[in-house]
Amino acid sequence: MFEYRKENRYFAQITGSLELMVKKELMELGATDIEISRSGCHFCADDRTLYKIILMAKTPQRILAPLVKFDCFSTKYLGILCYKDIHWSQLFSVDETFGIMSNVKDSIITNSLYASQVMKDAICHQFILKYERRPDFSIKEAHILFNLHIDDNKATISLDLTGSSMHKRGYKTQSIKSSIQETIASALFRETNWDGETKLLDFMCGSGTFLGEAILNYCQLPNDLIKENNHLKRLPNFNEKLWNEVKAEIEKNKKVLPKNMIFGNDISPTAVVATKENLAKLPYGDRVIVENRNFKDIKFVKDCTIIINPPYGNTYDDQNTLLEMYKDIGAFFREKCQNCQAFVLAGDPKLIDAIRIKPEWEKTIRTGPVNSSFAKFVLRG
Ligand SMILES: C[S@@+](CC[C@H](N)C(=O)[O-])C[C@H]1O[C@@H](n2cnc3c(N)ncnc32)[C@H](O)[C@@H]1O
């Protein structure tokens, strides 16, 4: 019996340090026994809940179904186990293309690429023995994708139920420099608890990621809106009828985005074009009003939830200009925002300090190689 079947236990892979946010979303979607570990959350879900998570979760990067777990101290053993103990033809046919993503940490095996090569060769040899030919291998074009994870000499081979990273929702075809990943934007957006009772504004919207994720979360739109996911169907016990039921339920719960609720703005005309093009791919995207101005020229903001990710940089000159910009953001908050709450993602806590308003809370978030600060300000005006 495959490992995931024993307790209906799966793994949600995460970018950065969003574990608590992902845990909260998984819980809301019905997952149980959620346990945070390095780079993700283990969770239990019955089939209905799993399908809902695959279709609706906006914060994880990938969902994996563990097939086997074993102690692994050498690539030789990895090869033997993959050749002898797993019946690959139960999972895919020799005419299909398979892929392997791998990562290794704190183990005797240190080269993840070599480990996946060993696993790939073992799979091919098993097929050759049975069919006298081997399946094709590709990560990008795989019909079925496996994940090999070795941590502290314990290996897990999983089926990747999302096929590609879940941040690739399909609507963001136009990007700009310093654009934020969709899964991270969703995790941060969900921290605002925005429920449509106030207006929503990103006055430094870049390519419109916060705005796109606001639509997806508010309207309760599924992840396969633009890009279909066929990888979940590779689970040996996949239930098409149940899948269609879950999809129908999601369809029924979708919400309409009223007009004049979501607003974007950016000083760069290129960013405004990118935002409009990206949002046009989403339902109600044309209801978002996107303007092209310096935020300082916005006259007044009332009863609004603001979420922004201002520029950040590393050089000394940049730092001075940046500190000035964050000072200006603080002045804008104080002088022009009435009865608003503002959420700011900044590359550095010093930049949050430069706003010169005491945040209600401030969290350190790892969104990539560096730590960022995410802060909430309550602006009574
Ligand atoms: C880090 S990017 C935002 C990225 C965005 N969250 C995304 O995912 O694409 C910062 C944005 O602030 C804009 N910006 C910089 N100064 C501005 C100003 N004074 N007024 C309005 N927008 C500004 C930049 O043009 C840039 O698009």
# chains A, B, ... in the order shown; residues from 1 in each chain; ligands from 1

call {"tool": "residues_near_ligand", "arguments": {"ligand": "ligand 1", "cutoff": "7 Å", "atoms": "only C-alpha atoms and all ligand atoms", "output": "PyMOL selection string"}}
result
chain A and resi 175-176+178-181+203-210+265-268+271+293-296+308-312

call {"tool": "select_by_dssp", "arguments": {"residues": "stretch 112-184 of chain A", "states": "alpha helix (DSSP H)", "output": "VMD selection string"}}
result
chain A and resid 112 to 131 182 to 184

call {"tool": "write_last_selection", "arguments": {"atoms": "N, CA and C atoms", "output": "PDB file, in the first residue's frame"}}
result
ATOM      1  N   SER A 112      21.577  16.274  -5.343  1.00  0.00           N
ATOM      2  CA  SER A 112      20.173  15.957  -5.650  1.00  0.00           C
ATOM      3  C   SER A 112      20.001  15.564  -7.121  1.00  0.00           C
ATOM      4  N   LEU A 113      20.800  16.184  -7.971  1.00  0.00           N
ATOM      5  CA  LEU A 113      20.685  15.889  -9.417  1.00  0.00           C
ATOM      6  C   LEU A 113      21.100  14.442  -9.694  1.00  0.00           C
ATOM      7  N   TYR A 114      22.200  14.038  -9.036  1.00  0.00           N
ATOM      8  CA  TYR A 114      22.668  12.660  -9.222  1.00  0.00           C
ATOM      9  C   TYR A 114      21.662  11.667  -8.641  1.00  0.00           C
ATOM     10  N   ALA A 115      21.086  12.024  -7.491  1.00  0.00           N
ATOM     11  CA  ALA A 115      20.085  11.135  -6.869  1.00  0.00           C
ATOM     12  C   ALA A 115      18.892  10.942  -7.815  1.00  0.00           C
ATOM     13  N   SER A 116      18.446  12.011  -8.444  1.00  0.00           N
ATOM     14  CA  SER A 116      17.293  11.853  -9.349  1.00  0.00           C
ATOM     15  C   SER A 116      17.691  11.086 -10.612  1.00  0.00           C
ATOM     16  N   GLN A 117      18.963  11.213 -11.019  1.00  0.00           N
ATOM     17  CA  GLN A 117      19.470  10.441 -12.173  1.00  0.00           C
ATOM     18  C   GLN A 117      19.440   8.935 -11.858  1.00  0.00           C
ATOM     19  N   VAL A 118      19.844   8.602 -10.627  1.00  0.00           N
ATOM     20  CA  VAL A 118      19.850   7.198 -10.195  1.00  0.00           C
ATOM     21  C   VAL A 118      18.409   6.660 -10.174  1.00  0.00           C
ATOM     22  N   MET A 119      17.510   7.479  -9.648  1.00  0.00           N
ATOM     23  CA  MET A 119      16.098   7.061  -9.580  1.00  0.00           C
ATOM     24  C   MET A 119      15.538   6.904 -11.004  1.00  0.00           C
ATOM     25  N   LYS A 120      15.858   7.844 -11.856  1.00  0.00           N
ATOM     26  CA  LYS A 120      15.378   7.787 -13.249  1.00  0.00           C
ATOM     27  C   LYS A 120      15.884   6.510 -13.940  1.00  0.00           C
ATOM     28  N   ASP A 121      17.174   6.205 -13.776  1.00  0.00           N
ATOM     29  CA  ASP A 121      17.745   5.011 -14.424  1.00  0.00           C
ATOM     30  C   ASP A 121      17.066   3.738 -13.902  1.00  0.00           C
ATOM     31  N   ALA A 122      16.808   3.718 -12.591  1.00  0.00           N
ATOM     32  CA  ALA A 122      16.179   2.520 -12.000  1.00  0.00           C
ATOM     33  C   ALA A 122      14.777   2.328 -12.588  1.00  0.00           C
ATOM     34  N   ILE A 123      14.042   3.417 -12.716  1.00  0.00           N
ATOM     35  CA  ILE A 123      12.686   3.332 -13.283  1.00  0.00           C
ATOM     36  C   ILE A 123      12.767   2.832 -14.729  1.00  0.00           C
ATOM     37  N   CYS A 124      13.675   3.413 -15.496  1.00  0.00           N
ATOM     38  CA  CYS A 124      13.815   3.021 -16.909  1.00  0.00           C
ATOM     39  C   CYS A 124      14.197   1.549 -17.025  1.00  0.00           C
ATOM     40  N   HIS A 125      15.118   1.091 -16.170  1.00  0.00           N
ATOM     41  CA  HIS A 125      15.537  -0.315 -16.230  1.00  0.00           C
ATOM     42  C   HIS A 125      14.359  -1.240 -15.955  1.00  0.00           C
ATOM     43  N   GLN A 126      13.526  -0.845 -14.985  1.00  0.00           N
ATOM     44  CA  GLN A 126      12.368  -1.699 -14.676  1.00  0.00           C
ATOM     45  C   GLN A 126      11.434  -1.800 -15.890  1.00  0.00           C
ATOM     46  N   PHE A 127      11.227  -0.681 -16.572  1.00  0.00           N
ATOM     47  CA  PHE A 127      10.364  -0.703 -17.768  1.00  0.00           C
ATOM     48  C   PHE A 127      10.996  -1.530 -18.894  1.00  0.00           C
ATOM     49  N   ILE A 128      12.331  -1.381 -19.051  1.00  0.00           N
ATOM     50  CA  ILE A 128      13.026  -2.108 -20.126  1.00  0.00           C
ATOM     51  C   ILE A 128      12.888  -3.610 -19.904  1.00  0.00           C
ATOM     52  N   LEU A 129      13.015  -4.023 -18.625  1.00  0.00           N
ATOM     53  CA  LEU A 129      12.899  -5.451 -18.305  1.00  0.00           C
ATOM     54  C   LEU A 129      11.517  -5.990 -18.696  1.00  0.00           C
ATOM     55  N   LYS A 130      10.505  -5.153 -18.517  1.00  0.00           N
ATOM     56  CA  LYS A 130       9.136  -5.591 -18.761  1.00  0.00           C
ATOM     57  C   LYS A 130       8.704  -5.400 -20.220  1.00  0.00           C
ATOM     58  N   TYR A 131       9.090  -4.260 -20.812  1.00  0.00           N
ATOM     59  CA  TYR A 131       8.558  -3.894 -22.142  1.00  0.00           C
ATOM     60  C   TYR A 131       9.639  -3.800 -23.229  1.00  0.00           C
ATOM     61  N   GLU A 182       2.648  34.676  -6.748  1.00  0.00           N
ATOM     62  CA  GLU A 182       1.214  34.633  -6.472  1.00  0.00           C
ATOM     63  C   GLU A 182       0.885  33.965  -5.126  1.00  0.00           C
ATOM     64  N   THR A 183       1.564  32.856  -4.809  1.00  0.00           N
ATOM     65  CA  THR A 183       1.260  32.149  -3.559  1.00  0.00           C
ATOM     66  C   THR A 183       1.625  33.026  -2.342  1.00  0.00           C
ATOM     67  N   ILE A 184       2.727  33.753  -2.452  1.00  0.00           N
ATOM     68  CA  ILE A 184       3.139  34.638  -1.357  1.00  0.00           C
ATOM     69  C   ILE A 184       2.158  35.804  -1.259  1.00  0.00           C
TER      70      ILE A 184
END

call {"tool": "residues_around", "arguments": {"residues": "A:Thr110", "least_positions_apart": "6", "cutoff": "12 Å", "atoms": "only C-alpha atoms", "output": "PyMOL selection string"}}
result
chain A and resi 72-75+102-104+116+149-153

call {"tool": "closest_residue", "arguments": {"among": "A:Glu249, A:Asp303, A:Glu19, A:Asp160", "to": "A:Asn230", "atoms": "only C-alpha atoms"}}
result
A:Asp160

call {"tool": "atom_distance", "arguments": {"atom1": "atom CA of A:His42", "atom2": "atom CA of A:Arg190"}}
result
20.8 Å

call {"tool": "residues_around", "arguments": {"residues": "stretch 48-59 of chain A", "least_positions_apart": "2", "cutoff": "8 Å", "atoms": "only C-alpha atoms", "output": "PyMOL selection string"}}
result
chain A and resi 14+21-22+25-26+29-31+45-46+61+63+161-162+166-167+183-184+186-187+217+220-224+232+242-243+246-247

call {"tool": "residues_around", "arguments": {"residues": "A:Pro236", "least_positions_apart": "5", "cutoff": "12 Å", "atoms": "only C-alpha atoms", "output": "ChimeraX atom specification"}}
result
/A:1-2,4-5,65,67,88-92,144,159,161,231

call {"tool": "residues_around", "arguments": {"residues": "stretch 32-34 of chain A", "least_positions_apart": "4", "cutoff": "8 Å", "atoms": "only C-alpha atoms", "output": "PyMOL selection string"}}
result
chain A and resi 23+27+41-45

call {"tool": "write_last_selection", "arguments": {"atoms": "C-alpha atoms", "output": "PDB file, in the first residue's frame"}}
result
ATOM      1  CA  LYS A  23      -1.581  25.837   7.973  1.00  0.00           C
ATOM      2  CA  MET A  27      -7.438  24.017   8.236  1.00  0.00           C
ATOM      3  CA  CYS A  41       3.008  21.165   6.260  1.00  0.00           C
ATOM      4  CA  HIS A  42       2.043  17.502   6.601  1.00  0.00           C
ATOM      5  CA  PHE A  43      -1.723  17.111   6.741  1.00  0.00           C
ATOM      6  CA  CYS A  44      -4.497  14.522   6.631  1.00  0.00           C
ATOM      7  CA  ALA A  45      -7.429  14.860   4.246  1.00  0.00           C
TER       8      ALA A  45
END

call {"tool": "residues_around", "arguments": {"residues": "A:Lys199", "least_positions_apart": "4", "cutoff": "10 Å", "atoms": "only C-alpha atoms", "output": "PyMOL selection string"}}
result
chain A and resi 194-195+260-263+301-306+340

call {"tool": "write_last_selection", "arguments": {"atoms": "C-alpha atoms", "output": "tab-separated table (two decimals), in the first residue's frame"}}
result
chain	number	residue	atom	x	y	z
A	194	TRP	CA	-10.42	41.72	3.55
A	195	ASP	CA	-14.00	40.61	3.01
A	260	ASN	CA	-15.82	49.95	-7.60
A	261	MET	CA	-14.35	47.67	-4.96
A	262	ILE	CA	-10.76	47.01	-6.03
A	263	PHE	CA	-8.35	49.73	-7.13
A	301	VAL	CA	-8.51	57.68	0.74
A	302	LYS	CA	-11.37	56.80	3.08
A	303	ASP	CA	-12.71	53.51	4.55
A	304	CYS	CA	-10.21	51.41	2.65
A	305	THR	CA	-7.91	48.41	3.05
A	306	ILE	CA	-4.53	49.23	1.53
A	340	CYS	CA	-8.15	52.80	6.72

call {"tool": "select_by_dssp", "arguments": {"residues": "stretch 143-352 of chain A", "states": "strand (DSSP E or B)", "output": "NGL selection string"}}
result
:A and (144-151 or 154-160 or 199-202 or 262-265 or 289-291 or 301-302 or 304-308 or 337-338 or 340-346)

call {"tool": "closest_residue", "arguments": {"among": "A:Asn229, A:Asn278, A:Leu200, A:Cys219", "to": "A:Arg62", "atoms": "only C-alpha atoms"}}
result
A:Asn229

call {"tool": "closest_residue", "arguments": {"among": "A:Phe333, A:Phe146, A:Phe137, A:Tyr326", "to": "A:Met101", "atoms": "only C-alpha atoms"}}
result
A:Phe146

call {"tool": "closest_residue", "arguments": {"among": "A:Thr156, A:Asn193, A:Thr364, A:Gln341", "to": "A:Leu81", "atoms": "only C-alpha atoms"}}
result
A:Thr156

call {"tool": "atom_distance", "arguments": {"atom1": "atom CA of A:Tyr171", "atom2": "atom CA of A:Pro269"}}
result
19.3 Å

call {"tool": "closest_residue", "arguments": {"among": "A:Ile157, A:Ile80, A:Ile36, A:Leu279", "to": "A:Glu3", "atoms": "only C-alpha atoms"}}
result
A:Ile157

call {"tool": "closest_residue", "arguments": {"among": "A:Asp202, A:Glu213, A:Lys252, A:Arg9", "to": "A:Glu291", "atoms": "only C-alpha atoms"}}
result
A:Asp202
